[in-house]
file structure.tsv (TSV, C-alpha atoms)
chain	number	residue	atom	x	y	z
A	497	MET	CA	-47.16	-61.83	77.84
A	498	THR	CA	-46.24	-58.27	77.01
A	499	PHE	CA	-46.83	-57.51	80.65
A	500	LEU	CA	-44.30	-60.14	81.72
A	501	VAL	CA	-41.76	-58.96	79.20
A	502	ARG	CA	-42.23	-55.39	80.27
A	503	THR	CA	-41.88	-56.26	83.93
A	504	LYS	CA	-38.76	-58.26	83.24
A	505	LYS	CA	-37.31	-55.38	81.28
A	506	LYS	CA	-38.14	-52.98	84.05
A	507	ILE	CA	-36.57	-55.14	86.73
A	508	SER	CA	-33.42	-55.85	84.77
A	509	GLY	CA	-33.15	-52.18	83.91
A	510	PHE	CA	-33.53	-51.33	87.55
A	511	LEU	CA	-30.90	-53.84	88.62
A	512	ARG	CA	-28.52	-52.60	85.97
A	513	ALA	CA	-29.01	-49.06	87.15
A	514	LEU	CA	-28.40	-50.16	90.71
A	515	PHE	CA	-25.25	-52.19	90.28
A	516	LYS	CA	-23.58	-50.95	87.17
A	517	LYS	CA	-22.62	-47.41	86.56
A	518	ARG	CA	-23.86	-46.50	83.12
A	519	THR	CA	-20.99	-46.19	80.68
A	520	CYS	CA	-20.20	-42.70	79.59
A	521	ARG	CA	-22.06	-41.88	76.39
A	522	ILE	CA	-20.07	-39.74	74.03
A	523	GLY	CA	-22.00	-38.12	71.22
A	524	ILE	CA	-20.26	-37.05	68.05
A	525	TYR	CA	-22.02	-33.90	66.92
A	526	GLY	CA	-21.38	-31.39	64.19
A	527	PRO	CA	-22.60	-30.03	60.88
A	528	PRO	CA	-23.22	-32.38	57.95
A	529	ASN	CA	-20.16	-33.67	56.10
A	530	ALA	CA	-17.70	-32.90	58.89
A	531	GLY	CA	-16.64	-36.56	59.08
A	532	LYS	CA	-18.54	-37.70	62.15
A	533	THR	CA	-19.22	-41.20	60.92
A	534	THR	CA	-15.67	-41.51	59.58
A	535	LEU	CA	-14.38	-40.76	63.07
A	536	ALA	CA	-16.91	-43.07	64.74
A	537	ASN	CA	-15.86	-45.83	62.35
A	538	ARG	CA	-12.20	-45.19	63.12
A	539	ILE	CA	-12.71	-45.27	66.87
A	540	VAL	CA	-14.76	-48.45	66.68
A	541	ARG	CA	-12.35	-50.08	64.23
A	542	ASP	CA	-9.30	-49.12	66.30
A	543	TRP	CA	-10.68	-50.51	69.55
A	544	VAL	CA	-13.27	-53.13	68.63
A	545	GLY	CA	-12.58	-53.93	64.99
A	546	ASP	CA	-16.07	-53.13	63.78
A	547	ALA	CA	-17.82	-50.27	61.97
A	548	VAL	CA	-20.68	-47.93	62.78
A	549	GLY	CA	-22.12	-46.99	59.44
A	550	PRO	CA	-21.52	-46.09	55.81
A	551	VAL	CA	-19.93	-42.79	54.81
A	552	SER	CA	-20.23	-40.74	51.63
A	553	GLU	CA	-19.48	-37.32	50.25
A	554	VAL	CA	-23.20	-36.57	50.02
A	555	PRO	CA	-24.29	-34.59	53.09
A	556	HIS	CA	-26.72	-36.28	55.50
A	557	GLU	CA	-25.50	-39.78	54.76
A	558	THR	CA	-26.19	-40.55	58.43
A	559	ARG	CA	-29.86	-39.92	59.08
A	560	ARG	CA	-30.38	-41.99	62.18
A	561	VAL	CA	-28.49	-41.93	65.44
A	562	ARG	CA	-26.18	-44.96	65.63
A	563	ARG	CA	-24.60	-46.28	68.75
A	564	LYS	CA	-21.77	-48.62	69.55
A	565	GLU	CA	-21.52	-49.76	73.13
A	566	ASP	CA	-18.71	-50.58	75.52
A	567	ILE	CA	-15.67	-49.35	73.71
A	568	THR	CA	-12.60	-49.21	75.88
A	569	ILE	CA	-10.10	-46.62	74.81
A	570	THR	CA	-6.61	-46.51	76.26
A	571	GLY	CA	-4.44	-43.45	75.94
A	572	GLN	CA	-0.66	-43.54	75.62
A	573	ASN	CA	-0.40	-42.52	79.27
A	574	GLY	CA	-2.14	-45.78	80.21
A	575	ASN	CA	-5.41	-44.21	81.25
A	576	SER	CA	-8.42	-45.96	79.87
A	577	ILE	CA	-12.08	-45.23	79.63
A	578	THR	CA	-15.09	-47.27	78.56
A	579	ILE	CA	-17.61	-45.38	76.50
A	580	ASP	CA	-20.56	-45.75	74.19
A	581	ILE	CA	-19.99	-43.93	70.93
A	582	VAL	CA	-23.09	-42.22	69.59
A	583	ASP	CA	-22.82	-41.13	65.98
A	584	THR	CA	-25.42	-38.52	65.14
A	585	PRO	CA	-26.83	-37.05	61.93
A	586	GLY	CA	-25.35	-33.71	60.94
A	587	VAL	CA	-27.14	-30.83	62.60
A	588	THR	CA	-28.17	-27.98	60.35
A	589	THR	CA	-30.91	-25.39	60.20
A	590	LYS	CA	-31.91	-25.88	56.61
A	591	ILE	CA	-32.42	-29.03	54.58
A	592	ASP	CA	-33.47	-28.90	50.95
A	593	TYR	CA	-33.83	-31.88	48.67
A	594	ASN	CA	-32.24	-29.91	45.80
A	595	GLU	CA	-28.96	-30.27	47.65
A	596	PHE	CA	-29.15	-34.04	47.07
A	597	VAL	CA	-30.37	-33.70	43.49
A	598	GLU	CA	-27.08	-31.92	42.78
A	599	TYR	CA	-25.30	-35.12	43.78
A	600	GLY	CA	-27.22	-37.01	41.13
A	601	ILE	CA	-29.92	-38.45	43.38
A	602	GLU	CA	-33.40	-38.81	41.84
A	603	LYS	CA	-35.93	-36.24	42.99
A	604	GLU	CA	-38.21	-38.70	44.75
A	605	GLU	CA	-35.29	-40.24	46.62
A	606	ALA	CA	-33.91	-36.78	47.43
A	607	VAL	CA	-37.21	-35.65	48.95
A	608	LYS	CA	-37.28	-38.81	51.06
A	609	ARG	CA	-33.68	-38.22	52.10
A	610	ALA	CA	-34.47	-34.63	53.12
A	611	ARG	CA	-37.35	-35.87	55.23
A	612	GLU	CA	-35.18	-38.48	56.93
A	613	ALA	CA	-32.40	-35.96	57.50
A	614	THR	CA	-34.90	-33.64	59.20
A	615	GLU	CA	-36.07	-36.44	61.46
A	616	GLY	CA	-32.43	-37.26	62.09
A	617	VAL	CA	-31.68	-33.75	63.37
A	618	ALA	CA	-34.67	-33.95	65.71
A	619	GLU	CA	-33.42	-37.33	66.93
A	620	ALA	CA	-29.89	-36.02	67.46
A	621	MET	CA	-31.25	-33.16	69.54
A	622	HIS	CA	-33.36	-35.58	71.55
A	623	TRP	CA	-30.27	-37.64	72.36
A	624	LEU	CA	-28.38	-34.54	73.34
A	625	ARG	CA	-31.07	-33.69	75.82
A	626	GLU	CA	-31.62	-37.13	77.33
A	627	ASP	CA	-28.74	-39.51	76.86
A	628	ILE	CA	-25.41	-37.85	76.23
A	629	ASP	CA	-22.69	-37.40	78.85
A	630	GLY	CA	-20.00	-35.79	76.73
A	631	VAL	CA	-19.62	-34.40	73.25
A	632	ILE	CA	-17.03	-34.58	70.52
A	633	TYR	CA	-17.88	-31.61	68.36
A	634	MET	CA	-16.66	-32.26	64.90
A	635	LEU	CA	-15.79	-29.51	62.43
A	636	ASP	CA	-14.43	-29.52	58.91
A	637	ALA	CA	-11.23	-27.48	59.28
A	638	THR	CA	-11.49	-26.29	55.69
A	639	GLN	CA	-14.82	-24.60	56.43
A	640	ASP	CA	-15.72	-21.44	58.30
A	641	PRO	CA	-16.29	-22.42	61.94
A	642	PHE	CA	-18.21	-19.22	62.73
A	643	GLN	CA	-21.44	-20.50	61.24
A	644	GLN	CA	-24.51	-19.83	63.27
A	645	VAL	CA	-25.35	-23.49	63.69
A	646	ASN	CA	-21.93	-24.21	65.27
A	647	ILE	CA	-22.05	-21.29	67.67
A	648	MET	CA	-25.58	-22.18	68.65
A	649	LEU	CA	-25.10	-25.92	69.03
A	650	VAL	CA	-21.93	-25.50	71.09
A	651	GLY	CA	-23.89	-22.97	73.16
A	652	ILE	CA	-26.66	-25.53	73.73
A	653	ILE	CA	-24.10	-28.16	74.74
A	654	GLU	CA	-22.45	-25.69	77.13
A	655	SER	CA	-25.79	-24.81	78.68
A	656	ARG	CA	-26.26	-28.52	79.43
A	657	LYS	CA	-22.88	-28.45	81.15
A	658	LEU	CA	-21.55	-31.31	79.05
A	659	PRO	CA	-17.81	-31.59	78.47
A	660	VAL	CA	-16.91	-30.76	74.85
A	661	LEU	CA	-13.86	-31.74	72.84
A	662	ILE	CA	-13.68	-29.85	69.57
A	663	VAL	CA	-12.18	-31.82	66.72
A	664	ALA	CA	-10.82	-29.98	63.69
A	665	ASN	CA	-11.13	-32.68	61.08
A	666	LYS	CA	-9.85	-33.01	57.49
A	667	ASN	CA	-6.52	-31.64	58.60
A	668	ASP	CA	-4.82	-33.56	55.78
A	669	LEU	CA	-6.30	-31.12	53.25
A	670	PRO	CA	-4.10	-28.18	52.21
A	671	ASP	CA	-6.60	-25.43	53.07
A	672	ALA	CA	-7.42	-26.78	56.52
A	673	SER	CA	-7.07	-24.21	59.28
A	674	PRO	CA	-7.37	-25.61	62.81
A	675	ALA	CA	-6.15	-22.23	64.11
A	676	ARG	CA	-9.37	-20.64	62.88
A	677	ILE	CA	-11.34	-23.21	64.85
A	678	LYS	CA	-9.22	-22.58	67.94
A	679	SER	CA	-9.98	-18.88	67.69
A	680	ALA	CA	-13.70	-19.62	67.31
A	681	PHE	CA	-13.87	-21.81	70.42
A	682	PRO	CA	-11.07	-20.72	72.78
A	683	GLN	CA	-13.04	-22.06	75.77
A	684	HIS	CA	-12.67	-25.70	74.69
A	685	PRO	CA	-9.75	-27.95	73.82
A	686	VAL	CA	-9.32	-28.25	70.05
A	687	ILE	CA	-7.62	-31.27	68.51
A	688	ALA	CA	-6.64	-31.23	64.85
A	689	ILE	CA	-6.92	-34.64	63.20
A	690	SER	CA	-7.68	-36.37	59.96
A	691	SER	CA	-10.04	-39.20	60.77
A	692	LEU	CA	-9.84	-40.45	57.20
A	693	GLU	CA	-6.02	-40.68	57.21
A	694	GLY	CA	-5.76	-41.45	60.90
A	695	ILE	CA	-3.52	-38.46	61.56
A	696	ASN	CA	-3.20	-37.45	65.20
A	697	VAL	CA	-6.05	-39.64	66.43
A	698	GLU	CA	-3.79	-40.83	69.27
A	699	GLU	CA	-3.87	-37.33	70.69
A	700	LEU	CA	-7.65	-37.42	70.50
A	701	TYR	CA	-7.76	-40.74	72.38
A	702	GLU	CA	-5.38	-39.35	74.96
A	703	ASN	CA	-7.62	-36.33	75.45
A	704	MET	CA	-10.76	-38.45	75.58
A	705	THR	CA	-9.45	-40.59	78.43
A	706	SER	CA	-8.61	-37.55	80.53
A	707	TYR	CA	-11.52	-35.36	79.54
A	708	PHE	CA	-14.56	-37.64	79.68
A	709	GLU	CA	-14.18	-39.24	83.08
B	293	MET	CA	-47.61	20.89	53.73
B	294	PRO	CA	-43.99	20.18	52.98
B	295	HIS	CA	-41.98	17.76	55.09
B	296	LYS	CA	-38.64	18.28	56.70
B	297	CYS	CA	-36.27	15.58	57.86
B	298	THR	CA	-35.67	16.03	61.58
B	299	GLN	CA	-32.20	14.57	61.28
B	300	CYS	CA	-30.54	16.48	58.44
B	301	GLY	CA	-33.08	19.16	57.64
B	302	ARG	CA	-33.67	18.26	54.03
B	303	GLU	CA	-37.05	19.41	52.82
B	304	PHE	CA	-39.52	17.51	50.71
B	305	GLU	CA	-42.59	18.53	48.75
B	306	ASP	CA	-45.96	17.70	50.22
B	307	GLY	CA	-46.96	14.16	49.40
B	308	SER	CA	-43.47	13.20	48.43
B	309	THR	CA	-43.23	9.42	48.33
B	310	VAL	CA	-39.46	9.20	48.57
B	311	ILE	CA	-39.63	9.75	52.33
B	312	LEU	CA	-41.55	6.50	52.78
B	313	LYS	CA	-38.26	4.67	52.69
B	314	GLY	CA	-36.57	7.18	54.97
B	315	CYS	CA	-34.68	10.33	54.08
B	316	PRO	CA	-32.62	9.73	50.92
B	317	SER	CA	-29.84	11.94	52.27
B	318	CYS	CA	-29.33	10.66	55.78
B	319	GLY	CA	-31.70	7.72	56.14
B	320	GLY	CA	-33.63	9.51	58.90
B	321	LYS	CA	-37.05	8.10	59.67
B	322	LYS	CA	-38.68	11.14	61.30
B	323	PHE	CA	-40.18	14.02	59.38
B	324	LEU	CA	-41.79	17.24	60.42
B	325	TYR	CA	-44.62	19.09	58.74
B	326	ILE	CA	-43.58	22.65	58.05
B	327	ARG	CA	-45.54	25.59	56.67
B	328	GLU	CA	-44.55	26.96	53.29
B	329	ALA	CA	-43.44	30.18	55.07
B	330	GLU	CA	-41.13	28.29	57.37
B	331	ARG	CA	-39.18	26.61	54.65
B	332	HIS	CA	-35.44	26.97	54.95
B	333	ASP	CA	-35.86	28.48	58.41
B	334	ASP	CA	-33.02	26.39	59.72
B	335	VAL	CA	-30.64	28.07	57.29
B	336	LEU	CA	-32.15	31.56	57.15
B	337	LYS	CA	-32.84	32.03	60.85
B	338	GLU	CA	-30.16	29.66	62.09
B	339	LYS	CA	-32.66	27.64	64.03
B	340	THR	CA	-31.98	24.10	64.98
B	341	ILE	CA	-34.44	21.55	63.73
B	342	ASP	CA	-35.49	20.90	67.31
B	343	GLU	CA	-36.44	24.52	67.68
B	344	ILE	CA	-38.43	24.45	64.48
B	345	ALA	CA	-40.21	21.39	65.72
B	346	ARG	CA	-41.09	23.20	68.93
B	347	ASP	CA	-42.14	26.41	67.24
B	348	THR	CA	-44.33	24.91	64.60
B	349	GLY	CA	-46.02	22.59	67.06
B	350	GLU	CA	-46.69	20.18	64.23
B	351	ASP	CA	-46.66	16.47	64.64
B	352	VAL	CA	-43.59	14.54	63.81
B	353	LEU	CA	-44.26	11.93	61.23
B	354	GLU	CA	-42.38	8.73	61.75
B	355	VAL	CA	-41.81	6.33	58.93
B	356	LYS	CA	-41.73	2.79	60.14
B	357	PRO	CA	-40.12	0.01	58.17
B	358	ASP	CA	-42.54	-2.39	56.55
B	359	ARG	CA	-42.91	-5.16	59.08
B	360	ARG	CA	-43.54	-7.83	56.52
B	361	ASN	CA	-40.13	-7.25	55.03
B	362	GLU	CA	-38.41	-7.85	58.31
B	363	GLU	CA	-36.88	-11.29	58.29
B	364	ILE	CA	-37.98	-13.06	61.44
B	365	GLU	CA	-35.06	-14.79	63.08
B	366	VAL	CA	-35.57	-18.53	62.65
B	367	PHE	CA	-34.78	-19.22	66.26
B	368	GLU	CA	-37.35	-16.84	67.67
B	369	ARG	CA	-40.10	-18.59	65.83
B	370	ILE	CA	-42.69	-20.74	67.51
B	371	GLU	CA	-42.25	-23.83	65.36
B	372	SER	CA	-39.55	-26.45	65.73
B	373	ILE	CA	-39.72	-27.50	62.10
B	374	ARG	CA	-40.98	-25.48	59.18
B	375	ILE	CA	-41.92	-27.22	55.97
B	376	LEU	CA	-41.20	-24.78	53.16
B	377	SER	CA	-42.21	-27.22	50.45
B	378	PRO	CA	-42.07	-31.01	50.18
B	379	GLY	CA	-38.44	-31.94	50.79
B	380	SER	CA	-37.42	-28.51	52.01
B	381	TYR	CA	-37.21	-27.89	55.72
B	382	GLU	CA	-36.06	-25.27	58.16
B	383	LEU	CA	-35.07	-26.55	61.57
B	384	ASN	CA	-35.14	-24.64	64.79
B	385	ILE	CA	-32.46	-26.53	66.66
B	386	GLU	CA	-32.81	-24.40	69.76
B	387	LYS	CA	-36.46	-25.42	70.07
B	388	LEU	CA	-35.58	-29.03	69.30
B	389	ALA	CA	-32.91	-28.99	71.99
B	390	ARG	CA	-35.28	-27.67	74.58
B	391	SER	CA	-38.01	-30.29	74.35
B	392	ASP	CA	-39.64	-32.96	72.26
B	393	GLU	CA	-42.69	-30.82	71.72
B	394	VAL	CA	-43.23	-30.53	68.04
B	395	VAL	CA	-44.82	-27.59	66.30
B	396	VAL	CA	-44.63	-27.79	62.55
B	397	GLY	CA	-45.01	-24.64	60.49
B	398	LEU	CA	-46.51	-25.05	57.05
B	399	GLU	CA	-45.48	-23.11	54.00
B	400	LYS	CA	-46.97	-19.72	54.71
B	401	GLU	CA	-46.46	-17.77	57.90
B	402	GLY	CA	-49.30	-18.39	60.33
B	403	LYS	CA	-50.18	-21.99	59.51
B	404	TYR	CA	-49.15	-24.57	62.06
B	405	VAL	CA	-49.59	-28.17	63.04
B	406	VAL	CA	-49.27	-28.80	66.74
B	407	ASP	CA	-48.44	-32.25	68.06
B	408	ILE	CA	-50.48	-32.26	71.24
B	409	LEU	CA	-49.36	-35.76	72.20
B	410	SER	CA	-45.73	-34.63	72.35
B	411	MET	CA	-46.74	-31.79	74.66
B	412	ALA	CA	-48.77	-33.96	76.99
B	413	LYS	CA	-45.79	-36.16	77.81
B	414	LYS	CA	-44.48	-35.79	81.28
B	415	LYS	CA	-41.39	-33.65	81.58
B	416	LYS	CA	-38.44	-35.44	83.05

call {"tool": "encode", "arguments": {"input": "structure.tsv", "output": "structure tokens"}}
result
Amino acid sequence: MTFLVRTKKKISGFLRALFKKRTCRIGIYGPPNAGKTTLANRIVRDWVGDAVGPVSEVPHETRRVRRKEDITITGQNGNSITIDIVDTPGVTTKIDYNEFVEYGIEKEEAVKRAREATEGVAEAMHWLREDIDGVIYMLDATQDPFQQVNIMLVGIIESRKLPVLIVANKNDLPDASPARIKSAFPQHPVIAISSLEGINVEELYENMTSYFE
Amino acid sequence: MPHKCTQCGREFEDGSTVILKGCPSCGGKKFLYIREAERHDDVLKEKTIDEIARDTGEDVLEVKPDRRNEEIEVFERIESIRILSPGSYELNIEKLARSDEVVVGLEKEGKYVVDILSMAKKKK
């Protein structure tokens, strides 16, 4: 039985690969708490009317990669693109359960969360290596963009020759500085938005349709 | 025998422990043994420290920084994930980006768990 199922899967996969060009998979990457899931939710809500996952102020809310398929985005210029949105856990180099305890989470739960977040980073990196065709790199514009993890992760994405759109998020906050992000990554287009308030997301859509072809 | 810093010429008593952290004046890490009679030669005879080094023919003592204190850069490490304590992790995203091979470092330096299965997988 399993054999039949497997064969069927293989054949259908093969046929799909043969006749249908795989939709462009866009991964939303970035450090924890940059607003990746908020943006993914906004994109999906704007174009499909659905949601990707829950958001919270506690870092590492997203601990598994989540995907939403076949989203067609149309820019104001009329160009449109069909993509799969891949929302990834925040990538960081250090995860400590005490960080979650500070948010009032019980120790046992915090340890579990740290473990899941670690697995999530490994999963996000796996996706980046195998299944991603373009990246939206999400940064909190109120934070210092010159952190090692950002420089390194953007470097890894560049070495894979994937197109990158840098998004300076949380631009509705008074101490947001998209200019600082522009100076950190002059080699990539930077779009300042607020995914929570929906500010300037049209420009992002416009850029996505032209950039991720 | 007294020591002399090869960089700034400051002299130290024999067995002085302050030089173990480098010269307190200039931070120099190389010291020369000098005979009691040759003390202050650089000032009295206007010799350069290089000349003194040549003339005395003594070995130059080099103080090396304690290697254990050197922080090893996370991303040059062998492991992809280090478990510092339960619930506390250090991730080597460069290693994770390169392959699915998993090497987990445990608490102390030099203790590892290697996932052989992940390494045996065929590379795409």

call {"tool": "atom_distance", "arguments": {"input": "structure.tsv", "atom1": "atom CA of Ile577 of chain A", "atom2": "atom CA of Pro550 of chain A"}}
result
25.6 Å

call {"tool": "atom_distance", "arguments": {"input": "structure.tsv", "atom1": "atom CA of Gly402 of chain B", "atom2": "atom CA of Ser377 of chain B"}}
result
15.0 Å

call {"tool": "closest_atom_pairs", "arguments": {"input": "structure.tsv", "of": "chain A", "to": "chain B", "cutoff": "12 Å", "atoms": "all atoms listed in the file", "output": "CSV"}}
result
residue,atom,partner,partner_atom,distance
A:Pro527,CA,B:Ile385,CA,12.0
A:Gly586,CA,B:Ile385,CA,11.6
A:Val587,CA,B:Ile385,CA,8.0
A:Thr588,CA,B:Leu383,CA,7.2
A:Thr589,CA,B:Leu383,CA,4.5
A:Lys590,CA,B:Glu382,CA,4.5
A:Ile591,CA,B:Tyr381,CA,5.1
A:Asp592,CA,B:Ser380,CA,4.1
A:Tyr593,CA,B:Gly379,CA,5.1
A:Asn594,CA,B:Ser380,CA,8.2
A:Glu595,CA,B:Ser380,CA,9.7
A:Phe596,CA,B:Gly379,CA,10.2
A:Val597,CA,B:Gly379,CA,11.0
A:Lys603,CA,B:Gly379,CA,9.3
A:Glu604,CA,B:Gly379,CA,9.1
A:Glu605,CA,B:Gly379,CA,9.8
A:Ala606,CA,B:Gly379,CA,7.4
A:Val607,CA,B:Gly379,CA,4.3
A:Lys608,CA,B:Gly379,CA,7.0
A:Arg609,CA,B:Gly379,CA,8.0
A:Ala610,CA,B:Gly379,CA,5.3
A:Arg611,CA,B:Gly379,CA,6.0
A:Glu612,CA,B:Gly379,CA,9.5
A:Ala613,CA,B:Tyr381,CA,9.6
A:Thr614,CA,B:Tyr381,CA,7.1
A:Glu615,CA,B:Ile373,CA,9.7
A:Gly616,CA,B:Leu383,CA,11.0
A:Val617,CA,B:Ile385,CA,8.0
A:Ala618,CA,B:Leu388,CA,6.2
A:Glu619,CA,B:Leu388,CA,8.9
A:Ala620,CA,B:Ala389,CA,8.9
A:Met621,CA,B:Ala389,CA,5.1
A:His622,CA,B:Ala389,CA,6.6
A:Trp623,CA,B:Ala389,CA,9.1
A:Leu624,CA,B:Ala389,CA,7.3
A:Arg625,CA,B:Ala389,CA,6.3
A:Glu626,CA,B:Lys416,CA,9.1
A:Gln644,CA,B:Phe367,CA,10.7
A:Val645,CA,B:Ile385,CA,8.3
A:Asn646,CA,B:Ile385,CA,10.9
A:Ile647,CA,B:Glu386,CA,11.4
A:Met648,CA,B:Glu386,CA,7.6
A:Leu649,CA,B:Ile385,CA,7.8
A:Val650,CA,B:Glu386,CA,11.0
A:Gly651,CA,B:Glu386,CA,9.7
A:Ile652,CA,B:Ala389,CA,7.4
A:Ile653,CA,B:Ala389,CA,9.3
A:Ser655,CA,B:Ala389,CA,10.6
A:Arg656,CA,B:Ala389,CA,10.0

call {"tool": "atom_distance", "arguments": {"input": "structure.tsv", "atom1": "atom CA of Arg369 of chain B", "atom2": "atom CA of Val396 of chain B"}}
result
10.8 Å

call {"tool": "closest_residue", "arguments": {"input": "structure.tsv", "among": "A:Gly630, A:Gly571, A:Val660, A:Ser679", "to": "Glu699 of chain A", "atoms": "all atoms listed in the file"}}
result
A:Gly571

call {"tool": "residues_around", "arguments": {"input": "structure.tsv", "residues": "Lys403 of chain B", "least_positions_apart": "2", "cutoff": "12 Å", "atoms": "all atoms listed in the file", "output": "tab-separated table (two decimals) with C-alpha atoms, keeping the file's coordinate frame"}}
result
chain	number	residue	atom	x	y	z
B	370	ILE	CA	-42.69	-20.74	67.51
B	371	GLU	CA	-42.25	-23.83	65.36
B	374	ARG	CA	-40.98	-25.48	59.18
B	375	ILE	CA	-41.92	-27.22	55.97
B	376	LEU	CA	-41.20	-24.78	53.16
B	395	VAL	CA	-44.82	-27.59	66.30
B	396	VAL	CA	-44.63	-27.79	62.55
B	397	GLY	CA	-45.01	-24.64	60.49
B	398	LEU	CA	-46.51	-25.05	57.05
B	399	GLU	CA	-45.48	-23.11	54.00
B	400	LYS	CA	-46.97	-19.72	54.71
B	401	GLU	CA	-46.46	-17.77	57.90
B	405	VAL	CA	-49.59	-28.17	63.04
B	406	VAL	CA	-49.27	-28.80	66.74

call {"tool": "residues_near_point", "arguments": {"input": "structure.tsv", "point": "(-14.2, -35.8, 82.1)", "cutoff": "10 Å", "atoms": "only C-alpha atoms", "output": "ChimeraX atom specification"}}
result
/A:520,577,629-630,658-660,703-709

call {"tool": "residues_around", "arguments": {"input": "structure.tsv", "residues": "segment 690-698 of chain A", "least_positions_apart": "4", "cutoff": "9 Å", "atoms": "only C-alpha atoms", "output": "list in words"}}
result
Gly531, Lys532, Thr534, Leu535, Ala536, Asn537, Arg538, Ile539, Gly571, Gln572, Ala664, Asn665, Lys666, Asn667, Asp668, Leu669, Glu702 and Asn703 of chain A

call {"tool": "decode", "arguments": {"input": "structure.tsv", "residues": "segment 302-322 of chain B", "atoms": "C-alpha atoms", "output": "mmCIF file, in the first residue's frame"}}
result
data_model
loop_
_atom_site.group_PDB
_atom_site.id
_atom_site.type_symbol
_atom_site.label_atom_id
_atom_site.label_comp_id
_atom_site.auth_asym_id
_atom_site.auth_seq_id
_atom_site.Cartn_x
_atom_site.Cartn_y
_atom_site.Cartn_z
ATOM 1 C CA ARG B 302 61.851 49.232 30.219
ATOM 2 C CA GLU B 303 63.761 46.946 32.541
ATOM 3 C CA PHE B 304 62.370 44.447 34.986
ATOM 4 C CA GLU B 305 63.861 42.552 37.896
ATOM 5 C CA ASP B 306 64.644 38.898 37.383
ATOM 6 C CA GLY B 307 61.579 36.769 37.930
ATOM 7 C CA SER B 308 59.264 39.708 37.675
ATOM 8 C CA THR B 309 55.741 38.425 37.145
ATOM 9 C CA VAL B 310 54.295 41.637 35.759
ATOM 10 C CA ILE B 311 55.790 40.887 32.349
ATOM 11 C CA LEU B 312 53.629 37.782 32.014
ATOM 12 C CA LYS B 313 50.814 40.003 30.852
ATOM 13 C CA GLY B 314 53.066 42.007 28.570
ATOM 14 C CA CYS B 315 55.045 45.146 29.306
ATOM 15 C CA PRO B 316 52.995 47.431 31.591
ATOM 16 C CA SER B 317 54.380 50.492 29.816
ATOM 17 C CA CYS B 318 53.922 49.668 26.162
ATOM 18 C CA GLY B 319 52.162 46.304 26.098
ATOM 19 C CA GLY B 320 55.135 44.704 24.326
ATOM 20 C CA LYS B 321 55.235 40.929 24.410
ATOM 21 C CA LYS B 322 58.958 40.334 23.805
#
